[in-house]
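Enquirer: Contents of run06.txt (compact mmCIF, C-alpha atoms and all ligand atoms):
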```
# COMPACT_ATOMS: atom_id res chain seq x y z
CA MET B 19 -19.97 25.17 -11.03
CA ILE B 20 -16.60 25.92 -9.44
CA ASN B 21 -18.37 27.82 -6.64
CA ASP B 22 -20.67 24.85 -6.04
CA ARG B 23 -17.64 22.63 -5.74
CA VAL B 24 -15.88 24.98 -3.35
CA GLU B 25 -19.01 25.20 -1.19
CA ALA B 26 -19.46 21.43 -1.16
CA ALA B 27 -15.81 21.01 -0.23
CA THR B 28 -16.02 23.61 2.52
CA SER B 29 -19.03 22.00 4.15
CA ALA B 30 -17.53 18.51 3.78
CA VAL B 31 -14.30 19.62 5.44
CA ARG B 32 -16.25 21.27 8.27
CA GLU B 33 -18.29 18.15 8.89
CA ILE B 34 -15.16 16.01 8.90
CA ARG B 35 -13.57 18.42 11.37
CA GLU B 36 -16.58 18.17 13.71
CA GLU B 37 -16.65 14.38 13.62
CA ILE B 38 -12.91 14.13 14.19
CA LEU B 39 -12.97 16.53 17.13
CA ARG B 40 -15.76 14.64 18.92
CA ARG B 41 -14.10 11.23 18.52
CA GLN B 42 -10.97 9.83 20.17
CA ARG B 43 -9.78 6.55 18.63
CA PHE B 44 -9.05 6.40 14.91
CA LEU B 45 -8.01 3.80 12.41
CA LEU B 46 -6.57 5.01 9.13
CA THR B 47 -6.39 2.99 5.95
CA SER B 48 -5.89 3.35 2.22
CA HIS B 49 -5.70 1.15 -0.85
CA ALA B 50 -3.83 -2.14 -1.17
CA ARG B 51 -0.36 -1.87 -2.78
CA PRO B 52 0.04 1.63 -1.37
CA ASP B 53 1.61 4.41 -3.43
CA GLY B 54 3.04 7.79 -2.41
CA ASP B 55 -0.38 9.41 -2.15
CA SER B 56 -1.81 6.69 0.07
CA ILE B 57 1.26 6.74 2.32
CA GLY B 58 1.51 10.54 2.40
CA SER B 59 -2.22 11.04 3.05
CA GLN B 60 -2.35 8.50 5.86
CA LEU B 61 0.82 9.62 7.63
CA ALA B 62 -0.01 13.34 7.34
CA MET B 63 -3.42 12.58 8.85
CA ALA B 64 -1.85 10.41 11.58
CA PHE B 65 0.57 13.15 12.68
CA ALA B 66 -2.27 15.68 12.71
CA LEU B 67 -4.44 13.41 14.87
CA ASP B 68 -1.45 12.85 17.20
CA ALA B 69 -1.20 16.62 17.60
CA LEU B 70 -4.83 16.67 18.75
CA GLY B 71 -4.10 13.96 21.33
CA LYS B 72 -6.10 11.29 19.49
CA SER B 73 -5.14 7.63 19.40
CA VAL B 74 -4.27 6.42 15.90
CA ARG B 75 -3.70 3.07 14.20
CA ILE B 76 -2.74 2.75 10.55
CA VAL B 77 -3.59 -0.56 8.87
CA ASN B 78 -2.71 -1.41 5.26
CA ALA B 79 -3.12 -4.61 3.28
CA ASP B 80 0.40 -4.46 1.79
CA PRO B 81 3.73 -2.95 2.74
CA ALA B 82 4.79 0.19 0.85
CA PRO B 83 7.72 0.06 -1.60
CA ASP B 84 11.17 0.26 0.04
CA HIS B 85 11.91 3.86 -0.82
CA TYR B 86 9.00 5.00 1.36
CA GLN B 87 10.11 3.01 4.41
CA ASP B 88 12.36 5.69 5.91
CA PHE B 89 9.74 8.43 5.77
CA PRO B 90 8.59 9.63 9.20
CA GLY B 91 6.12 7.39 11.00
CA MET B 92 6.33 4.46 8.59
CA GLU B 93 7.16 2.08 11.45
CA ARG B 94 3.58 2.71 12.69
CA VAL B 95 1.93 1.10 9.66
CA GLU B 96 0.50 -2.33 10.53
CA ILE B 97 0.11 -4.82 7.69
CA ALA B 98 -3.04 -6.96 7.92
CA SER B 99 -5.80 -8.21 5.67
CA HIS B 100 -8.31 -8.29 8.54
CA VAL B 101 -8.71 -6.09 11.57
CA SER B 102 -11.12 -6.06 14.49
CA ALA B 103 -11.31 -2.34 14.91
CA ASP B 104 -12.21 -1.12 18.38
CA VAL B 105 -12.24 2.53 17.31
CA ASP B 106 -14.57 5.55 17.07
CA ALA B 107 -13.97 6.20 13.38
CA VAL B 108 -12.12 4.82 10.38
CA ILE B 109 -10.69 7.33 7.92
CA VAL B 110 -10.40 5.73 4.49
CA MET B 111 -8.25 7.70 2.06
CA GLU B 112 -7.72 7.14 -1.66
CA CYS B 113 -10.32 4.38 -2.01
CA SER B 114 -13.18 4.67 -4.49
CA ASP B 115 -14.72 1.62 -2.83
CA LEU B 116 -14.09 0.21 0.65
CA SER B 117 -12.97 -3.08 -0.92
CA ARG B 118 -9.98 -1.26 -2.48
CA ALA B 119 -8.43 -1.19 1.01
CA GLY B 120 -8.06 -4.97 0.99
CA VAL B 121 -8.60 -4.91 4.79
CA SER B 122 -11.78 -6.60 6.03
CA GLY B 123 -13.52 -5.94 9.33
CA LEU B 124 -14.11 -2.22 8.73
CA GLU B 125 -17.58 -2.51 7.20
CA GLY B 126 -19.68 -1.68 10.27
CA GLU B 127 -17.52 1.18 11.51
CA PHE B 128 -18.13 4.93 11.32
CA LEU B 129 -16.36 5.56 8.01
CA ILE B 130 -14.97 8.88 6.84
CA ASN B 131 -14.27 8.56 3.11
CA ILE B 132 -11.80 11.07 1.61
CA ASP B 133 -10.95 10.43 -2.03
CA HIS B 134 -10.23 11.99 -5.41
CA HIS B 135 -10.82 9.00 -7.71
CA ALA B 136 -13.61 9.21 -10.27
CA GLY B 137 -16.61 7.02 -9.47
CA ASN B 138 -16.22 7.00 -5.69
CA ARG B 139 -19.11 4.99 -4.26
CA LEU B 140 -19.74 7.28 -1.28
CA TYR B 141 -19.65 4.32 1.11
CA GLY B 142 -18.90 6.38 4.23
CA ALA B 143 -21.00 7.94 6.96
CA LEU B 144 -19.19 11.06 5.76
CA ASN B 145 -17.99 11.31 2.20
CA TRP B 146 -15.72 13.93 0.72
CA HIS B 147 -15.07 13.19 -2.91
CA ASP B 148 -13.23 15.77 -5.00
CA GLU B 149 -12.06 14.61 -8.40
CA SER B 150 -10.41 17.94 -9.01
CA ALA B 151 -7.78 17.30 -6.32
CA ALA B 152 -4.43 16.36 -7.88
CA ALA B 153 -3.76 14.09 -4.91
CA CYS B 154 -5.76 12.87 -1.94
CA GLY B 155 -2.96 14.58 0.02
CA GLU B 156 -4.37 17.96 -1.10
CA MET B 157 -7.68 17.08 0.57
CA VAL B 158 -5.97 15.79 3.70
CA PHE B 159 -4.05 19.08 3.82
CA ASP B 160 -7.38 20.97 3.86
CA VAL B 161 -8.70 18.78 6.69
CA ILE B 162 -5.52 19.35 8.71
CA ARG B 163 -5.75 23.12 8.22
CA GLU B 164 -9.43 23.07 9.20
CA LEU B 165 -8.49 21.17 12.36
CA GLY B 166 -6.12 24.03 13.20
CA VAL B 167 -3.10 21.73 13.43
CA PRO B 168 0.23 23.46 12.67
CA LEU B 169 2.06 22.31 9.55
CA THR B 170 4.99 20.46 11.14
CA LEU B 171 7.87 19.16 9.02
CA GLU B 172 6.49 15.62 9.30
CA ILE B 173 3.04 16.61 8.06
CA ALA B 174 4.44 18.84 5.33
CA THR B 175 6.77 16.06 4.16
CA HIS B 176 3.89 13.62 3.75
CA VAL B 177 1.63 16.13 2.02
CA TYR B 178 4.43 16.95 -0.42
CA LEU B 179 5.16 13.24 -0.93
CA ALA B 180 1.51 12.63 -1.80
CA ILE B 181 1.43 15.46 -4.34
CA LEU B 182 4.86 14.77 -5.85
CA THR B 183 4.02 11.15 -6.55
CA ASP B 184 0.36 11.40 -7.51
CA THR B 185 1.00 14.14 -10.06
CA GLY B 186 3.64 11.86 -11.62
CA SER B 187 6.25 14.41 -10.47
CA PHE B 188 4.17 17.30 -11.81
CA HIS B 189 3.40 15.71 -15.18
CA HIS B 190 -0.35 14.97 -14.98
CA SER B 191 -3.07 17.27 -16.23
CA ASN B 192 -4.95 17.74 -12.94
CA ILE B 193 -2.43 20.18 -11.42
CA THR B 194 -3.92 23.51 -10.35
CA PRO B 195 -2.75 26.71 -8.62
CA ARG B 196 -3.97 25.10 -5.41
CA THR B 197 -1.45 22.26 -5.93
CA PHE B 198 1.42 24.75 -5.95
CA ASP B 199 -0.07 26.80 -3.15
CA ILE B 200 -0.06 23.72 -0.92
CA CYS B 201 3.46 22.78 -2.07
CA ARG B 202 4.63 26.32 -1.34
CA GLN B 203 3.34 26.00 2.22
CA THR B 204 5.06 22.65 2.67
CA VAL B 205 8.35 24.10 1.42
CA GLU B 206 7.94 27.01 3.83
CA ALA B 207 7.49 24.40 6.55
CA GLY B 208 10.91 22.96 5.68
CA VAL B 209 10.38 20.44 2.88
CA ASN B 210 13.37 20.24 0.51
CA PRO B 211 11.99 19.50 -3.00
CA ALA B 212 15.36 18.44 -4.43
CA ALA B 213 15.93 15.98 -1.60
CA MET B 214 12.38 14.66 -1.92
CA ALA B 215 12.77 14.08 -5.68
CA ARG B 216 16.06 12.22 -5.08
CA ARG B 217 14.56 10.09 -2.30
CA VAL B 218 11.51 9.12 -4.29
CA PHE B 219 12.73 8.90 -7.87
CA ASP B 220 16.48 8.31 -7.60
CA SER B 221 16.45 5.43 -5.17
CA ASN B 222 16.47 2.47 -7.55
CA SER B 223 18.28 -0.73 -6.72
CA PHE B 224 20.69 -2.14 -9.33
CA GLY B 225 18.12 -4.90 -9.84
CA LYS B 226 15.52 -2.32 -10.77
CA LEU B 227 17.89 -0.79 -13.33
CA LYS B 228 18.27 -4.27 -14.83
CA LEU B 229 14.51 -4.65 -14.88
CA ILE B 230 14.17 -1.31 -16.69
CA GLY B 231 16.53 -2.66 -19.34
CA ALA B 232 14.58 -5.89 -19.72
CA LEU B 233 11.22 -4.12 -19.86
CA LEU B 234 12.28 -1.56 -22.46
CA ASP B 235 14.04 -4.26 -24.47
CA SER B 236 10.78 -6.18 -24.79
CA MET B 237 8.57 -3.07 -25.25
CA GLU B 238 6.21 -3.20 -28.22
CA LEU B 239 4.79 -0.25 -30.09
CA ALA B 240 1.31 0.02 -31.61
CA ASP B 241 -0.79 2.71 -33.26
CA GLU B 242 2.16 3.98 -35.31
CA GLY B 243 4.29 4.47 -32.21
CA ARG B 244 1.67 6.33 -30.19
CA LEU B 245 1.05 3.41 -27.82
CA ALA B 246 3.74 1.54 -25.88
CA ILE B 247 3.02 -1.94 -24.52
CA LEU B 248 5.04 -3.30 -21.60
CA TYR B 249 4.89 -6.81 -20.27
CA MET B 250 6.27 -8.38 -17.12
CA ASP B 251 5.92 -11.67 -15.27
CA ASP B 252 7.48 -13.26 -12.20
CA THR B 253 10.23 -14.95 -14.23
CA MET B 254 11.42 -11.55 -15.49
CA LEU B 255 11.23 -10.10 -12.00
CA SER B 256 13.26 -12.82 -10.36
CA ALA B 257 15.83 -12.85 -13.20
CA CYS B 258 16.56 -9.23 -12.21
CA GLY B 259 16.44 -9.95 -8.47
CA CYS B 260 13.32 -7.80 -8.09
CA THR B 261 9.88 -8.05 -6.48
CA HIS B 262 6.57 -6.41 -7.37
CA ASN B 263 7.54 -3.57 -5.02
CA ASP B 264 10.30 -2.60 -7.48
CA THR B 265 7.88 -1.91 -10.33
CA GLU B 266 6.57 1.47 -9.17
CA GLY B 267 7.20 4.24 -11.69
CA LEU B 268 8.48 1.99 -14.47
CA ILE B 269 5.33 2.55 -16.49
CA ASN B 270 6.25 6.21 -16.96
CA LEU B 271 9.47 5.48 -18.85
CA PRO B 272 7.96 5.11 -22.35
CA LEU B 273 6.15 8.44 -21.97
CA THR B 274 9.56 10.14 -22.12
CA ALA B 275 9.51 9.41 -25.87
CA ARG B 276 7.85 12.36 -27.62
CA GLU B 277 5.70 10.27 -29.96
CA ILE B 278 4.27 7.98 -27.28
CA GLN B 279 0.87 9.19 -26.02
CA ALA B 280 -0.10 6.28 -23.79
CA VAL B 281 1.45 3.24 -22.13
CA ILE B 282 -0.15 -0.01 -21.08
CA PHE B 283 1.70 -2.29 -18.69
CA PHE B 284 0.58 -5.93 -18.28
CA LYS B 285 1.84 -7.53 -15.07
CA VAL B 286 1.08 -11.22 -14.97
CA GLY B 287 0.92 -12.65 -11.44
CA PRO B 288 1.90 -16.17 -10.33
CA ASN B 289 -1.69 -17.48 -10.61
CA GLY B 290 -2.18 -15.99 -14.06
CA ASP B 291 -4.25 -12.93 -13.13
CA VAL B 292 -3.20 -9.79 -14.98
CA ARG B 293 -2.80 -6.37 -13.37
CA VAL B 294 -3.12 -3.73 -16.00
CA SER B 295 -1.72 -0.23 -15.48
CA MET B 296 -2.07 2.64 -17.94
CA ARG B 297 -0.61 6.13 -18.20
CA SER B 298 -1.19 8.86 -20.76
CA LYS B 299 -0.37 12.41 -21.79
CA TYR B 300 -2.66 15.46 -21.84
CA ASP B 301 -6.29 14.57 -22.71
CA VAL B 302 -5.87 10.89 -23.53
CA ASP B 303 -8.31 9.33 -21.05
CA VAL B 304 -7.09 5.96 -19.81
CA ARG B 305 -9.62 5.87 -16.98
CA ALA B 306 -12.35 5.49 -19.58
CA VAL B 307 -10.68 2.24 -20.67
CA ALA B 308 -10.14 1.04 -17.07
CA GLY B 309 -13.84 1.67 -16.38
CA ARG B 310 -14.80 -0.80 -19.12
CA PHE B 311 -12.96 -3.55 -17.20
CA GLY B 312 -14.22 -2.75 -13.72
CA GLY B 313 -11.21 -0.62 -12.73
CA GLY B 314 -10.71 3.09 -12.21
CA GLY B 315 -8.24 5.86 -11.54
CA HIS B 316 -7.71 9.19 -13.25
CA LYS B 317 -7.52 10.52 -16.80
CA ASN B 318 -3.73 10.13 -16.97
CA ALA B 319 -3.28 7.16 -14.60
CA ALA B 320 -5.64 4.23 -14.28
CA GLY B 321 -5.69 0.50 -13.77
CA PHE B 322 -7.64 -2.70 -13.32
CA THR B 323 -7.14 -6.42 -12.72
CA VAL B 324 -8.51 -9.27 -14.84
CA THR B 325 -8.52 -13.02 -14.29
CA GLU B 326 -8.72 -13.98 -17.98
CA PRO B 327 -5.48 -14.96 -19.74
CA LEU B 328 -3.44 -12.16 -21.30
CA ASP B 329 -3.96 -13.34 -24.88
CA VAL B 330 -7.73 -13.05 -24.35
CA VAL B 331 -7.82 -9.60 -22.74
CA ARG B 332 -5.06 -7.91 -24.68
CA PRO B 333 -6.88 -7.79 -28.05
CA ARG B 334 -9.97 -6.40 -26.29
CA ILE B 335 -8.08 -3.58 -24.58
CA ILE B 336 -5.69 -2.32 -27.26
CA PRO B 337 -8.34 -1.06 -29.76
CA LEU B 338 -10.10 0.84 -26.95
CA LEU B 339 -6.85 2.55 -26.05
CA VAL B 340 -6.13 3.41 -29.66
CA GLU B 341 -9.59 4.99 -29.83
CA GLU B 342 -8.93 7.05 -26.67
CA ILE B 343 -5.60 8.21 -28.11
CA ALA B 344 -7.39 9.43 -31.25
CA GLN B 345 -9.99 11.24 -29.13
CA GLY B 346 -7.36 12.79 -26.88
CA LEU B 347 -5.22 14.01 -29.74
CA LYS B 348 -8.14 16.06 -31.07
CA SER B 349 -7.81 18.47 -28.17
CA ARG B 350 -4.01 18.50 -27.96
CA PRO B 351 -2.68 21.86 -26.68
P1 LIG W 1 -1.63 1.90 -10.81
O1 LIG W 1 -1.46 1.72 -12.28
O2 LIG W 1 -1.86 0.64 -10.06
O3 LIG W 1 -0.56 2.78 -10.25
O4 LIG W 1 -3.00 2.71 -10.67
C1 LIG W 1 -3.20 3.93 -11.31
C2 LIG W 1 -4.44 4.60 -10.75
O5 LIG W 1 -5.58 3.79 -11.05
C3 LIG W 1 -4.43 4.78 -9.25
O6 LIG W 1 -5.08 6.00 -8.95
C4 LIG W 1 -5.22 3.62 -8.75
O7 LIG W 1 -5.84 3.91 -7.53
C5 LIG W 1 -6.24 3.41 -9.86
N1 LIG W 1 -6.60 1.99 -9.97
C6 LIG W 1 -5.78 0.96 -10.26
N2 LIG W 1 -6.43 -0.22 -10.25
C7 LIG W 1 -7.73 0.07 -9.92
C8 LIG W 1 -8.91 -0.71 -9.71
N3 LIG W 1 -8.93 -2.03 -9.84
N4 LIG W 1 -10.06 -0.05 -9.35
C9 LIG W 1 -10.07 1.30 -9.21
N5 LIG W 1 -8.98 2.08 -9.39
C10 LIG W 1 -7.83 1.50 -9.74
MN MN W 2 -4.21 9.48 -5.31
```
Here is the file; what I need is its structure written in the form of structure tokens.
Expert:
Amino acid sequence: MINDRVEAATSAVREIREEILRRQRFLLTSHARPDGDSIGSQLAMAFALDALGKSVRIVNADPAPDHYQDFPGMERVEIASHVSADVDAVIVMECSDLSRAGVSGLEGEFLINIDHHAGNRLYGALNWHDESAAACGEMVFDVIRELGVPLTLEIATHVYLAILTDTGSFHHSNITPRTFDICRQTVEAGVNPAAMARRVFDSNSFGKLKLIGALLDSMELADEGRLAILYMDDTMLSACGCTHNDTEGLINLPLTAREIQAVIFFKVGPNGDVRVSMRSKYDVDVRAVAGRFGGGGHKNAAGFTVTEPLDVVRPRIIPLLVEEIAQGLKSRP
């Protein structure tokens, strides 16, 4: 089984290498509301393509949170919801479906799909889907190595950023020896893990600290303290002087309590739609719950969006989560 996977990965990486080498103009994209893995994967790939003398555009639907803005190459990211792409290939990273990019106009292009989310729809001309990767950045790293591009500090920084953030700073259960092997190589290339952790996790605004207070103050507990429920709307955000870009990472706070096994975070938007994010420990599978509502993600980090009012969806979701917590606790290490 593992050998099959390694063989599939090896041939996928080789095919991607061939198609990249024979093409010249690339457009890179990733999912809307980018996170560290989408930023890191795209920028690492961009610097690698630069090194091969290719022309590269990066187009995202939304700007990245502020603390990513001073990472190398970020000024290259164009923000647009539509693009007329005059390119030879589009590399889509971190998207289980092309629509996750939130950028239209890419449909007819030669698509190279590189992703680690469960349920990827294999929408590309080339598809490399590896759920066992802890971050899409791990897969991008393999492509870059296969292309023979040296691991510069810029590339290494973005690969490390992708892994650091998508493993929830090395908390999630999909971390493997390969994760550390790649990190080791990035550190050898000059990445400073302490500085990276400070830049990514210790860069809150005072407003965000206030928001943390407000969120935890209104946190509810269910399932005898095993499930934390967080709620936020635009009124709360603006009372703290924050925007949606300040909410990254907040969902992890309740998991620092020993008893809490899973967190659900309801973010109500201005037109009433509800973005639901979930996180969990060990084998508690929140993706299974997200899948029931048309969303996706990973075992320990998943999400979805619904248009029904919160008081309608909430009672449908909570019992499913409680059930997953019970299942997950059965195999607790
Ligand atoms: P978030 O809670 O938004 O940080 O998302 C956690 C994980 O779930 C990430 O890997 C997302 O890519 C994934 N995810 C969130 N929303 C969706 C969705 N609507 N469809 C598929 N995957 C999603
Ligand atoms: Mn990812």
Enquirer: Which residues are near Thr253 of chain B? Cut-off 12 Å, only C-alpha atoms, ignore same chain within fewer than 4 positions. Put them as a list of chain:residue names.
Expert: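 Final neighbour list, sorted by chain and number: B:Leu229, B:Ala232, B:Tyr249, B:Ala257, B:Cys258, B:Gly259, B:Cys260, B:Thr261, B:His262, B:Lys285, B:Val286, B:Gly287, B:Pro288.
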Enquirer: Given a cut-off of 7 Å, what residues near ligand MN 2 (chain W) show up using only C-alpha atoms and all ligand atoms, put as a PDB file with C-alpha atoms, in the coordinates of the input?
Expert:
```pdb
ATOM      1  CA  ASP B  55      -0.380   9.410  -2.150  1.00  0.00           C
ATOM      2  CA  SER B  56      -1.810   6.690   0.070  1.00  0.00           C
ATOM      3  CA  GLU B 112      -7.720   7.140  -1.660  1.00  0.00           C
ATOM      4  CA  HIS B 134     -10.230  11.990  -5.410  1.00  0.00           C
ATOM      5  CA  ALA B 153      -3.760  14.090  -4.910  1.00  0.00           C
ATOM      6  CA  CYS B 154      -5.760  12.870  -1.940  1.00  0.00           C
ATOM      7  CA  ASP B 184       0.360  11.400  -7.510  1.00  0.00           C
TER       8      ASP B 184
END
```
Enquirer: Within 6 Å of ligand LIG 1 (chain W), counting only C-alpha atoms and all ligand atoms: which residues, as a list in words?
Expert: Ser295, Met296, Gly313, Gly314, Gly315, His316, Ala319, Ala320, Gly321, Phe322 and Thr323 of chain B
Enquirer: What is the atom CA of Asp303 of chain B-atom CA of Glu238 of chain B distance in Å, reported with one decimal?
Expert: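 Atom-to-atom, atom CA of Asp303 of chain B to atom CA of Glu238 of chain B, that is 20.5 Å.
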Enquirer: Can you tell me, as an MDAnalysis selection string, what residues are no more than 9 Å from segment 75-85 of chain B when counting only C-alpha atoms, ignoring any on the same chain fewer than 2 positions away?
Expert: chainID B and resid 43:54 57 60:61 64 73 87:89 92 94:101 119:121 217:219 221:222 262:266
Enquirer: Could you tell me how far atom CA of Gly312 of chain B lies from atom CA of Tyr141 of chain B, in Å and to one decimal?
Expert: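 Those two atoms sit 17.3 Å apart.
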Enquirer: Do you know which residues are at most 10 Å from Gly243 of chain B counting all atoms listed in the file, after dropping those on the same chain fewer than 2 positions away, and could you put them as a list in words?
Expert: Glu238, Leu239, Ala240, Asp241, Leu245, Ala246, Ala275, Arg276, Glu277, Ile278, Gln279 and Ala280 of chain B
Enquirer: Closest to Asp301 of chain B among B:Asn270, B:Asn210, B:Thr204, B:Ser191, using all atoms listed in the file?
Expert: B:Ser191
Enquirer: Leaving out Val307 of chain B and any residue of its chain fewer than 6 positions from it, which residues lie within 8 Å of it when counting all atoms listed in the file, given as a list in words?
Expert: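 The residues satisfying every condition are Ile335, Leu338, Leu339 and Glu342 of chain B.
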Enquirer: Work out how far atom CA of Ser298 of chain B is from atom CA of Met111 of chain B, in Å to one decimal.
Expert: 23.9 Å
Enquirer: Env of Pro327 of chain B: 8 Å cut, atoms = all atoms listed in the file, seq-sep filter 3 positions within chain, self excluded. Answer as a list in words.
Expert: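 Listed by chain and then number, they are Gly290, Asp291, Val292, Val330 and Val331 of chain B.
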Enquirer: I need the residue nearest Glu149 of chain B from this list: B:Gln345, B:Asn131, B:Ser117, B:Asn192. Use all atoms listed in the file for the distance.
Expert: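 That would be B:Asn192, the residue with the smallest distance to Glu149 of chain B.
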Enquirer: Would you kindly identify which residues have an atom no farther than 8 Å from (-2.7, 17.8, 13.7), using only C-alpha atoms and the file's own coordinates, and write them out as a ChimeraX atom specification?
Expert: /B:63-70,162,165-169
Enquirer: Those residues you just picked out, can you put them in a file as a PDB file, in the coordinates of the input with C-alpha atoms?
Expert:
```
ATOM      1  CA  MET B  63      -3.420  12.580   8.850  1.00  0.00           C
ATOM      2  CA  ALA B  64      -1.850  10.410  11.580  1.00  0.00           C
ATOM      3  CA  PHE B  65       0.570  13.150  12.680  1.00  0.00           C
ATOM      4  CA  ALA B  66      -2.270  15.680  12.710  1.00  0.00           C
ATOM      5  CA  LEU B  67      -4.440  13.410  14.870  1.00  0.00           C
ATOM      6  CA  ASP B  68      -1.450  12.850  17.200  1.00  0.00           C
ATOM      7  CA  ALA B  69      -1.200  16.620  17.600  1.00  0.00           C
ATOM      8  CA  LEU B  70      -4.830  16.670  18.750  1.00  0.00           C
ATOM      9  CA  ILE B 162      -5.520  19.350   8.710  1.00  0.00           C
ATOM     10  CA  LEU B 165      -8.490  21.170  12.360  1.00  0.00           C
ATOM     11  CA  GLY B 166      -6.120  24.030  13.200  1.00  0.00           C
ATOM     12  CA  VAL B 167      -3.100  21.730  13.430  1.00  0.00           C
ATOM     13  CA  PRO B 168       0.230  23.460  12.670  1.00  0.00           C
ATOM     14  CA  LEU B 169       2.060  22.310   9.550  1.00  0.00           C
TER      15      LEU B 169
END
```
Enquirer: Using all atoms listed in the file, find the one residue out of B:Leu116, B:Ala62, B:Leu144, B:Leu273 that sits nearest to Gly91 of chain B.
Expert: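 Under the stated criterion, the closest residue is B:Ala62.
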Enquirer: Give the centre and edge lengths of an axis-aligned box, in Å to one decimal, that holds all listed atoms of segment 108-118 of chain B with 5 Å on each side, as lines of an AutoDock Vina configuration file.
Expert:
```
center_x = -11.2
center_y = 2.3
center_z = 2.9
size_x = 17.0
size_y = 20.8
size_z = 24.9
```
Enquirer: Choose the residue, out of B:Ser114, B:Phe224, B:Gly186, B:Leu268, that has the smallest atom-to-atom separation from Asn318 of chain B; count all atoms listed in the file.
Expert: B:Gly186
